[in-house]
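Below is the file coords_37.txt, which contains compact mmCIF, C-alpha atoms and all ligand atoms.
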```txt
# COMPACT_ATOMS: atom_id res chain seq x y z
CA MET I 22 -23.85 -15.45 -15.93
CA LEU I 23 -20.89 -13.71 -14.32
CA LEU I 24 -19.52 -12.44 -17.65
CA LYS I 25 -22.95 -11.09 -18.57
CA TRP I 26 -23.14 -9.26 -15.25
CA TYR I 27 -19.61 -7.91 -15.90
CA GLU I 28 -20.59 -6.53 -19.30
CA GLU I 29 -23.26 -4.41 -17.63
CA HIS I 30 -21.42 -3.40 -14.48
CA LYS I 31 -17.76 -3.34 -15.47
CA ARG I 32 -15.82 -0.52 -13.82
CA SER I 33 -14.05 1.55 -16.41
CA LEU I 34 -10.45 1.91 -15.25
CA PRO I 35 -7.44 3.03 -17.28
CA TRP I 36 -5.43 -0.16 -16.68
CA ARG I 37 -8.30 -2.25 -18.05
CA ASP I 38 -8.12 -0.77 -21.53
CA THR I 39 -4.66 -2.15 -22.13
CA LYS I 40 -2.85 -5.45 -22.60
CA ASP I 41 0.49 -3.80 -21.85
CA PRO I 42 2.00 -5.95 -19.06
CA TYR I 43 4.04 -3.01 -17.71
CA ARG I 44 0.93 -0.88 -17.16
CA ILE I 45 -1.01 -3.79 -15.71
CA TRP I 46 1.87 -4.64 -13.40
CA ILE I 47 2.11 -1.04 -12.11
CA SER I 48 -1.65 -0.89 -11.50
CA GLU I 49 -1.67 -4.22 -9.67
CA ILE I 50 1.20 -3.24 -7.40
CA ILE I 51 -0.45 0.09 -6.58
CA LEU I 52 -3.76 -1.64 -5.87
CA GLN I 53 -2.20 -4.30 -3.62
CA GLN I 54 -2.78 -2.14 -0.56
CA THR I 55 -4.47 0.94 -1.94
CA ARG I 56 -8.10 1.55 -2.84
CA VAL I 57 -8.96 2.25 -6.49
CA VAL I 58 -10.13 5.82 -5.76
CA GLN I 59 -6.85 6.69 -4.09
CA GLY I 60 -4.62 4.73 -6.49
CA TYR I 61 -6.08 6.17 -9.70
CA ASP I 62 -4.17 9.49 -9.74
CA TYR I 63 -0.96 7.86 -8.55
CA TYR I 64 -1.16 5.39 -11.41
CA LEU I 65 -1.50 8.17 -13.98
CA ARG I 66 1.29 10.25 -12.45
CA PHE I 67 3.59 7.26 -12.09
CA LEU I 68 3.19 6.34 -15.76
CA GLU I 69 3.69 9.89 -16.87
CA ARG I 70 7.01 9.98 -15.03
CA PHE I 71 8.03 6.36 -15.85
CA PRO I 72 6.30 5.53 -19.15
CA ASP I 73 8.05 2.19 -19.60
CA VAL I 74 10.08 -0.32 -17.67
CA PHE I 75 13.40 0.98 -19.02
CA VAL I 76 12.75 4.51 -17.75
CA LEU I 77 11.75 3.08 -14.37
CA ALA I 78 14.85 0.88 -14.21
CA ALA I 79 17.12 3.85 -14.99
CA ALA I 80 15.58 6.13 -12.31
CA SER I 81 17.17 6.63 -8.90
CA GLU I 82 15.56 5.06 -5.82
CA ASP I 83 14.90 8.53 -4.41
CA GLU I 84 12.93 9.50 -7.52
CA VAL I 85 10.83 6.35 -7.36
CA MET I 86 10.14 6.88 -3.66
CA GLN I 87 9.17 10.47 -4.34
CA GLN I 88 6.55 9.38 -6.88
CA TRP I 89 5.27 6.81 -4.40
CA GLN I 90 5.12 9.28 -1.53
CA GLY I 91 1.73 9.13 0.20
CA LEU I 92 0.75 5.69 -1.09
CA GLY I 93 2.22 3.89 1.93
CA TYR I 94 3.68 0.37 2.10
CA TYR I 95 6.88 1.60 0.51
CA SER I 96 8.43 -1.83 0.10
CA ARG I 97 6.15 -2.02 -2.96
CA ALA I 98 8.04 0.84 -4.61
CA ARG I 99 11.43 -0.63 -3.75
CA ASN I 100 10.43 -4.05 -5.11
CA LEU I 101 8.96 -2.47 -8.23
CA HIS I 102 12.22 -0.66 -8.87
CA ALA I 103 14.32 -3.80 -8.29
CA ALA I 104 12.07 -5.87 -10.56
CA ALA I 105 12.18 -3.16 -13.26
CA LYS I 106 15.97 -3.53 -13.37
CA VAL I 107 15.65 -7.30 -13.80
CA ILE I 108 13.09 -6.88 -16.61
CA ALA I 109 15.18 -4.20 -18.33
CA ASN I 110 18.14 -6.60 -18.25
CA MET I 111 16.00 -9.34 -19.81
CA GLY I 112 15.06 -6.86 -22.56
CA HIS I 113 11.31 -7.63 -22.40
CA PHE I 114 8.52 -8.26 -19.89
CA PRO I 115 8.40 -11.95 -18.81
CA THR I 116 5.57 -13.87 -20.49
CA THR I 117 4.99 -16.95 -18.33
CA TYR I 118 3.29 -17.22 -14.92
CA GLU I 119 6.43 -18.68 -13.33
CA GLU I 120 8.71 -15.91 -14.63
CA ILE I 121 6.24 -13.21 -13.58
CA ARG I 122 5.79 -14.83 -10.14
CA ALA I 123 9.59 -14.74 -9.70
CA LEU I 124 9.67 -10.92 -9.86
CA LYS I 125 10.24 -9.15 -6.56
CA GLY I 126 7.00 -8.03 -4.92
CA VAL I 127 4.83 -10.29 -7.10
CA GLY I 128 2.85 -12.93 -5.20
CA ASP I 129 0.39 -15.57 -6.42
CA TYR I 130 -2.45 -13.11 -6.89
CA THR I 131 -0.48 -10.47 -8.80
CA ALA I 132 1.21 -13.07 -11.03
CA ALA I 133 -2.18 -14.61 -11.90
CA ALA I 134 -3.64 -11.17 -12.59
CA ILE I 135 -0.83 -10.05 -14.93
CA SER I 136 -0.70 -13.46 -16.67
CA SER I 137 -4.43 -13.51 -17.39
CA PHE I 138 -5.01 -9.79 -18.13
CA ALA I 139 -1.94 -9.21 -20.29
CA PHE I 140 -1.26 -12.62 -21.84
CA GLY I 141 -4.63 -14.41 -21.62
CA LEU I 142 -3.10 -17.26 -19.60
CA PRO I 143 -5.56 -19.51 -17.71
CA THR I 144 -4.56 -18.54 -14.17
CA ALA I 145 -7.28 -17.84 -11.59
CA VAL I 146 -6.88 -14.88 -9.25
CA VAL I 147 -7.79 -15.20 -5.59
CA ASP I 148 -8.07 -11.92 -3.71
CA GLY I 149 -10.29 -10.80 -0.83
CA ASN I 150 -13.26 -10.32 -3.16
CA VAL I 151 -12.87 -13.79 -4.65
CA TYR I 152 -12.62 -15.43 -1.20
CA ARG I 153 -15.85 -13.69 -0.16
CA VAL I 154 -17.87 -14.52 -3.28
CA LEU I 155 -16.77 -18.17 -3.36
CA ALA I 156 -17.19 -18.70 0.41
CA ARG I 157 -20.74 -17.36 0.26
CA HIS I 158 -21.86 -18.81 -3.03
CA PHE I 159 -20.60 -22.31 -2.22
CA GLY I 160 -21.20 -22.07 1.55
CA ILE I 161 -17.58 -22.82 2.48
CA PHE I 162 -16.80 -22.39 6.18
CA THR I 163 -13.09 -23.31 5.95
CA PRO I 164 -11.19 -20.27 7.33
CA ILE I 165 -9.62 -18.33 4.47
CA ASP I 166 -6.46 -17.48 6.44
CA THR I 167 -5.31 -21.09 6.93
CA THR I 168 -3.13 -23.20 4.65
CA THR I 169 -6.06 -25.57 3.97
CA GLY I 170 -8.40 -22.66 3.30
CA LYS I 171 -6.00 -21.07 0.85
CA ARG I 172 -5.61 -24.35 -1.02
CA VAL I 173 -9.37 -25.07 -1.11
CA PHE I 174 -10.21 -21.62 -2.51
CA ARG I 175 -7.30 -21.59 -4.96
CA GLU I 176 -8.33 -24.98 -6.39
CA LEU I 177 -11.99 -24.02 -6.61
CA ALA I 178 -11.20 -20.72 -8.32
CA GLN I 179 -9.00 -22.53 -10.83
CA GLN I 180 -11.73 -25.12 -11.51
CA LEU I 181 -14.32 -22.41 -12.14
CA LEU I 182 -12.11 -20.28 -14.41
CA ASP I 183 -13.43 -19.64 -17.91
CA GLU I 184 -10.35 -20.67 -19.88
CA GLN I 185 -11.60 -18.96 -23.03
CA HIS I 186 -11.79 -15.57 -21.29
CA PRO I 187 -9.54 -15.86 -18.23
CA GLY I 188 -8.80 -12.13 -17.98
CA ASP I 189 -12.42 -10.99 -18.19
CA TYR I 190 -13.58 -13.80 -15.92
CA ASN I 191 -11.04 -12.86 -13.24
CA GLN I 192 -11.96 -9.17 -13.47
CA ALA I 193 -15.65 -10.08 -13.38
CA LEU I 194 -15.35 -12.15 -10.21
CA MET I 195 -13.37 -9.43 -8.45
CA ASP I 196 -15.76 -6.67 -9.54
CA PHE I 197 -18.69 -8.80 -8.45
CA GLY I 198 -17.16 -9.00 -4.97
CA ALA I 199 -16.36 -5.29 -4.95
CA LEU I 200 -19.76 -4.07 -6.16
CA GLN I 201 -22.45 -6.71 -5.54
CA CYS I 202 -21.31 -9.25 -2.97
CA ILE I 203 -19.76 -6.60 -0.74
CA PRO I 204 -18.57 -7.30 2.84
CA GLN I 205 -21.44 -5.58 4.70
CA SER I 206 -25.03 -5.74 3.41
CA PRO I 207 -24.44 -7.40 0.04
CA GLN I 208 -27.15 -6.86 -2.55
CA CYS I 209 -28.65 -10.34 -2.38
CA THR I 210 -32.18 -9.43 -3.42
CA ASP I 211 -31.16 -8.38 -6.93
CA CYS I 212 -28.22 -10.78 -7.24
CA PRO I 213 -28.04 -12.88 -10.43
CA LEU I 214 -26.41 -15.70 -8.41
CA ALA I 215 -28.99 -15.71 -5.59
CA ASN I 216 -30.75 -18.85 -6.91
CA THR I 217 -27.63 -20.93 -6.54
CA CYS I 218 -26.10 -19.14 -3.55
CA VAL I 219 -25.75 -21.47 -0.54
CA ALA I 220 -25.19 -18.66 1.96
CA PHE I 221 -28.31 -16.84 0.77
CA SER I 222 -30.53 -19.91 0.95
CA THR I 223 -29.22 -20.87 4.39
CA THR I 224 -29.20 -17.27 5.74
CA SER I 225 -25.50 -17.46 6.55
CA VAL I 226 -24.33 -14.56 4.36
CA ASP I 227 -23.12 -12.48 7.31
CA GLN I 228 -21.08 -15.41 8.70
CA LEU I 229 -18.97 -15.84 5.57
CA PRO I 230 -16.12 -15.78 4.79
CA VAL I 231 -14.64 -17.20 8.04
CA LYS I 232 -11.32 -16.01 9.44
CA SER I 233 -9.50 -17.96 12.15
CA LYS I 234 -7.53 -15.16 13.78
CA LYS I 235 -8.33 -11.71 14.96
CA THR I 236 -5.46 -9.30 14.39
CA GLU I 237 -4.20 -7.52 17.47
CA VAL I 238 -3.74 -3.80 16.91
CA LYS I 239 -0.88 -2.15 18.83
CA THR I 240 -0.53 1.56 19.55
CA ARG I 241 2.89 3.23 19.24
CA TYR I 242 3.70 6.76 20.39
CA PHE I 243 5.97 8.86 18.18
CA VAL I 244 7.47 12.26 18.89
CA TYR I 245 9.08 14.03 15.94
CA LEU I 246 11.61 16.80 16.52
CA TYR I 247 11.61 19.29 13.68
CA ILE I 248 15.06 20.69 14.42
CA ARG I 249 15.73 23.91 12.60
CA CYS I 250 18.52 26.47 12.43
CA GLU I 251 18.93 29.38 9.97
CA GLY I 252 16.68 27.93 7.27
CA LYS I 253 18.10 24.42 7.56
CA ILE I 254 16.59 21.31 9.10
CA LEU I 255 17.78 17.81 9.96
CA LEU I 256 16.32 14.70 8.36
CA HIS I 257 16.93 11.02 8.91
CA ARG I 258 16.63 8.40 6.19
CA ARG I 259 14.82 5.23 7.33
CA GLY I 260 17.01 2.15 7.06
CA ALA I 261 16.59 -1.41 5.79
CA GLY I 262 13.91 -3.78 7.07
CA ASP I 263 11.41 -1.01 7.69
CA ILE I 264 8.07 -0.26 6.02
CA TRP I 265 9.27 3.30 5.45
CA GLN I 266 12.73 2.25 4.19
CA GLY I 267 14.38 4.94 2.07
CA LEU I 268 12.00 7.73 3.17
CA TYR I 269 13.07 10.83 5.06
CA GLU I 270 11.68 12.09 8.36
CA PRO I 271 12.74 14.48 11.12
CA PRO I 272 14.56 12.92 14.12
CA LEU I 273 12.14 10.60 15.89
CA LEU I 274 11.69 9.51 19.49
CA GLU I 275 9.47 6.57 20.34
CA PHE I 276 7.70 5.94 23.64
CA GLU I 277 5.54 3.22 25.18
CA HIS I 278 3.00 5.84 26.25
CA LYS I 279 2.03 9.44 25.52
CA ALA I 280 5.19 11.39 26.40
CA GLU I 281 5.08 14.51 28.59
CA PHE I 282 7.12 17.55 27.60
CA ASP I 283 9.91 16.97 30.16
CA GLU I 284 10.31 13.36 29.00
CA VAL I 285 10.68 14.59 25.43
CA VAL I 286 13.30 17.17 26.44
CA HIS I 287 15.18 14.56 28.44
CA SER I 288 15.19 11.96 25.63
CA ALA I 289 15.94 14.50 22.89
CA ASP I 290 19.21 15.38 24.57
CA LEU I 291 19.46 18.73 22.78
CA PRO I 292 21.35 21.85 23.98
CA LEU I 293 19.65 23.50 26.96
CA ASP I 294 19.04 26.79 25.13
CA SER I 295 16.98 25.06 22.38
CA ARG I 296 13.45 26.48 22.01
CA TYR I 297 10.60 23.94 21.75
CA ARG I 298 7.16 24.60 20.34
CA LEU I 299 4.49 21.89 20.20
CA VAL I 300 2.99 22.05 16.70
CA ALA I 301 0.99 18.83 16.52
CA GLU I 302 -0.38 16.46 19.13
CA GLY I 303 -1.86 12.98 18.87
CA VAL I 304 -1.93 12.87 15.07
CA LYS I 305 -3.29 9.44 14.23
CA HIS I 306 -1.91 7.23 11.48
CA ILE I 307 -3.35 3.77 10.96
CA LEU I 308 -1.29 0.89 9.58
CA THR I 309 -2.44 -2.71 9.15
CA HIS I 310 -1.56 -3.93 12.65
CA ARG I 311 -0.62 -0.68 14.30
CA VAL I 312 -1.95 2.69 15.24
CA LEU I 313 0.65 5.47 15.44
CA LEU I 314 -0.03 8.54 17.56
CA ALA I 315 2.42 11.29 16.76
CA ASP I 316 3.35 14.56 18.45
CA CYS I 317 5.65 17.02 16.73
CA TYR I 318 7.83 19.72 18.27
CA GLU I 319 9.52 22.44 16.30
CA VAL I 320 12.91 22.94 17.97
CA ASN I 321 15.02 25.96 17.15
CA VAL I 322 18.65 25.38 18.11
CA PRO I 323 21.59 27.82 18.12
CA ALA I 324 24.07 27.57 15.21
CA GLU I 325 26.98 26.08 17.18
CA ALA I 326 24.72 23.35 18.61
CA PHE I 327 23.33 22.61 15.14
CA SER I 328 26.78 21.77 13.79
CA ILE I 329 27.30 19.33 16.67
CA LEU I 330 23.97 17.66 15.89
CA ILE I 331 24.97 17.20 12.24
CA GLU I 332 27.67 14.86 13.53
CA ARG I 333 24.93 12.52 14.79
CA GLY I 334 24.55 11.41 11.17
CA TYR I 335 21.50 13.36 10.03
CA THR I 336 21.07 14.78 6.53
CA VAL I 337 21.10 18.59 6.53
CA VAL I 338 18.44 19.97 4.23
CA GLU I 339 17.51 23.50 3.16
CA GLU I 340 13.99 23.89 4.51
CA LYS I 341 12.68 25.29 1.22
CA VAL I 342 13.60 22.08 -0.67
CA ARG I 343 12.20 19.77 2.02
CA SER I 344 9.53 18.43 -0.35
CA GLU I 345 12.22 16.92 -2.58
CA PHE I 346 12.89 14.36 0.16
CA ALA I 347 10.16 11.72 -0.02
CA ALA I 348 8.48 11.35 3.37
CA PRO I 349 5.85 9.00 4.86
CA ARG I 350 2.31 10.39 4.71
CA LEU I 351 2.25 10.87 8.49
CA VAL I 352 5.28 13.16 8.20
CA THR I 353 3.86 15.22 5.32
CA ARG I 354 0.73 15.75 7.43
CA LEU I 355 2.92 17.02 10.28
CA TYR I 356 4.82 19.30 7.87
CA SER I 357 1.52 20.87 6.88
CA MET I 358 0.88 21.78 10.53
CA LEU I 359 4.17 23.63 11.02
S1 LIG I 401 -26.83 -13.83 -3.10
FE1 LIG I 401 -25.82 -12.38 -1.79
S2 LIG I 401 -24.21 -13.56 -0.81
FE2 LIG I 401 -24.91 -14.76 -2.53
S3 LIG I 401 -23.51 -14.21 -4.17
FE3 LIG I 401 -25.28 -12.86 -4.32
S4 LIG I 401 -24.71 -11.04 -3.19
FE4 LIG I 401 -23.29 -12.65 -2.60
```

So, in terms of structure tokens, how does the structure I just supplied come out?
Amino acid sequence: MLLKWYEEHKRSLPWRDTKDPYRIWISEIILQQTRVVQGYDYYLRFLERFPDVFVLAAASEDEVMQQWQGLGYYSRARNLHAAAKVIANMGHFPTTYEEIRALKGVGDYTAAAISSFAFGLPTAVVDGNVYRVLARHFGIFTPIDTTTGKRVFRELAQQLLDEQHPGDYNQALMDFGALQCIPQSPQCTDCPLANTCVAFSTTSVDQLPVKSKKTEVKTRYFVYLYIRCEGKILLHRRGAGDIWQGLYEPPLLEFEHKAEFDEVVHSADLPLDSRYRLVAEGVKHILTHRVLLADCYEVNVPAEAFSILIERGYTVVEEKVRSEFAAPRLVTRLYSML
């Protein structure tokens, strides 16, 4: 039933017309936290620049980050790069679920996806779409974000897997969740599974799937200082253990609240004759558990003060080549407002 539905509704995507594990791997990593519409162009550009795993392994981290710029969740790019080096050393892409699962940045879902799509291995994928379809169709109220819930859904998905066509079956189930059994207002009236759907027959569709926790969203207040002098600016490279690790941004101040101008001047600790101009205010950037609100000041400082600031450990960059330094999307939005 599901495979028949898939034949008619299958989304045509470039990474589906291939069995090349490298291409499938890249697409799966991009799609881990990015929507298909947004990830599509990145996928094509990434493959154009890094057509195989050996080219990717030989590239510098800065180059990889530059290609990833704007996609967010940059640890994905760093892990991809590290894993590419491991694969290049092996001389070929790993071919078993366990070896694929051992690659950096590859979790249960991604390993099952690559194993089944590229190698036809009987490994069931469980992503958000699969949780939703199974919870509704079988009327399962066990919360999906608990250890028990994860086990129950993983076992059920594995039991249901069509071992003759594991790749197509996995894609079909995920597409079904993405197109038919969608989170809000699923299309139950013309659903081919409606006859056997527990949630539909018990009118509990909108209660499933169940989650045990609500995520608390925190707001953080950023102030960027775009410090400039004679065509040069200062950038800071984000360090380890950070979602933006390896990316460049102007010097940053962080506050618990929206900072007033005099607070910014006080915390910036720049020479008194620096000239400030507010270029952006309250620019919103949403992350999974956080909302960032960013202000940006352009600060022109005199030449002698600039050389003192360089000693604070910033990278000095010619303003006209700023775009060569990969930056978080929030920062590129601020750049466009300067
Ligand atoms: S009947 Fe509705 S809830 Fe049940 S599987 Fe179909 S779309 Fe999903």

- Query: How many Å separate atom CA of I:Leu24 from atom S1 of ligand LIG 401 (chain I)?
  - Reply: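 Rounded to one decimal, the two atoms are 16.3 Å apart.
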
- Would you mind listing the residues within 10 Å of ligand LIG 401 (chain I), counting all atoms listed in the file, as number ranges by chain? I: 153-160, 197-198, 200-204, 206-222, 224-227, 229

- Query: Quick one: of I:Ile248, I:Ile165, I:Ala348, I:Leu293, who's nearest to I:Tyr318, counting all atoms listed in the file?
  - Reply: I:Ile248

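Rounded to one decimal, atom CA of I:Leu274 and atom CA of I:Ile329 lie 18.7 Å from each other.
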
- Message: I'd like the contact shell of stretch 136-150 of chain I - 8 Å cut-off, only C-alpha atoms, skipping same-chain residues fewer than 4 positions apart - returned as a ChimeraX atom specification.
- Response: /I:39-42,45,116-118,121,129-132,154,174-175,178-179,182-184,186-189,191,194-199,203

Any chance you could tabulate, as JSON lines, the residues of stretch 309-356 of chain I at most 10 Å from stretch 83-101 of chain I with each one's nearest atom pair and distance in Å to one decimal, using only C-alpha atoms, in chain and rising number order?
```
{"residue": "I:Thr309", "atom": "CA", "partner": "I:Tyr94", "partner_atom": "CA", "distance": 9.8}
{"residue": "I:Ser344", "atom": "CA", "partner": "I:Gln87", "partner_atom": "CA", "distance": 8.9}
{"residue": "I:Glu345", "atom": "CA", "partner": "I:Gln87", "partner_atom": "CA", "distance": 7.3}
{"residue": "I:Phe346", "atom": "CA", "partner": "I:Gln87", "partner_atom": "CA", "distance": 7.0}
{"residue": "I:Ala347", "atom": "CA", "partner": "I:Gln87", "partner_atom": "CA", "distance": 4.6}
{"residue": "I:Ala348", "atom": "CA", "partner": "I:Gln90", "partner_atom": "CA", "distance": 6.3}
{"residue": "I:Pro349", "atom": "CA", "partner": "I:Gly91", "partner_atom": "CA", "distance": 6.2}
{"residue": "I:Arg350", "atom": "CA", "partner": "I:Gly91", "partner_atom": "CA", "distance": 4.7}
{"residue": "I:Leu351", "atom": "CA", "partner": "I:Gly91", "partner_atom": "CA", "distance": 8.5}
{"residue": "I:Val352", "atom": "CA", "partner": "I:Gly91", "partner_atom": "CA", "distance": 9.6}
{"residue": "I:Thr353", "atom": "CA", "partner": "I:Gly91", "partner_atom": "CA", "distance": 8.2}
{"residue": "I:Arg354", "atom": "CA", "partner": "I:Gly91", "partner_atom": "CA", "distance": 9.9}
```

- Note on the structure: Counting all atoms listed in the file, closest pick from I:Val238, I:Ala103, I:Asp283, I:Ala324 relative to I:Val127 is I:Ala103

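Residues with any atom within 10 Å of I:Gly334, counting only C-alpha atoms and excluding same-chain neighbours fewer than 3 positions away, are Leu255, Leu256, His257, Arg258, Leu330, Ile331 and Val337 of chain I.
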
- Between atom CA of I:Met358 and atom CA of I:Ala261, distance in Å (one decimal): 28.4 Å

- Query: When distances are computed from all atoms listed in the file, which of I:Asp294, I:Glu302, I:Asp62, I:Glu281 shows the smallest separation from I:Leu314?
  - Reply: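 With all atoms listed in the file as the atom set, the closest residue is I:Glu302.
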
- So which one's closest to I:Glu284, I:Ala105, I:Val244, I:Ile254, I:Val320? Using all atoms listed in the file, please. I:Val244

- Item | Residues near I:Lys341, cut-off 9 Å, all atoms listed in the file, skip fewer than 2 positions along chain, as a PyMOL selection string | chain I and resi 252-253+338-339+343-344

With C-alpha atoms kept, could you save the residues just selected as an mmCIF file, in the coordinates of the input?
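File produced: out-v7.cif:
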```cif
data_model
loop_
_atom_site.group_PDB
_atom_site.id
_atom_site.type_symbol
_atom_site.label_atom_id
_atom_site.label_comp_id
_atom_site.auth_asym_id
_atom_site.auth_seq_id
_atom_site.Cartn_x
_atom_site.Cartn_y
_atom_site.Cartn_z
ATOM 1 C CA GLY I 252 16.680 27.930 7.270
ATOM 2 C CA LYS I 253 18.100 24.420 7.560
ATOM 3 C CA VAL I 338 18.440 19.970 4.230
ATOM 4 C CA GLU I 339 17.510 23.500 3.160
ATOM 5 C CA ARG I 343 12.200 19.770 2.020
ATOM 6 C CA SER I 344 9.530 18.430 -0.350
#
```

Go through stretch 123-225 of chain I and flag each residue having an atom no more than 7 Å from stretch 231-235 of chain I; for those, report the closest pair of atoms plus their distance in Å to one decimal, using all atoms listed in the file, ordered by chain and rising number, as a tab-separated table.
```
residue	atom	partner	partner_atom	distance
I:Phe162	CA	I:Val231	CA	5.9
I:Thr163	CA	I:Val231	CA	6.6
I:Pro164	CA	I:Val231	CA	4.7
I:Ile165	CA	I:Lys232	CA	5.7
I:Asp166	CA	I:Lys232	CA	5.9
```

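If you measure from each of I:Ala326, I:Val107, I:Val151, I:Cys317 to I:Ala280 using all atoms listed in the file, the closest one turns out to be I:Cys317.
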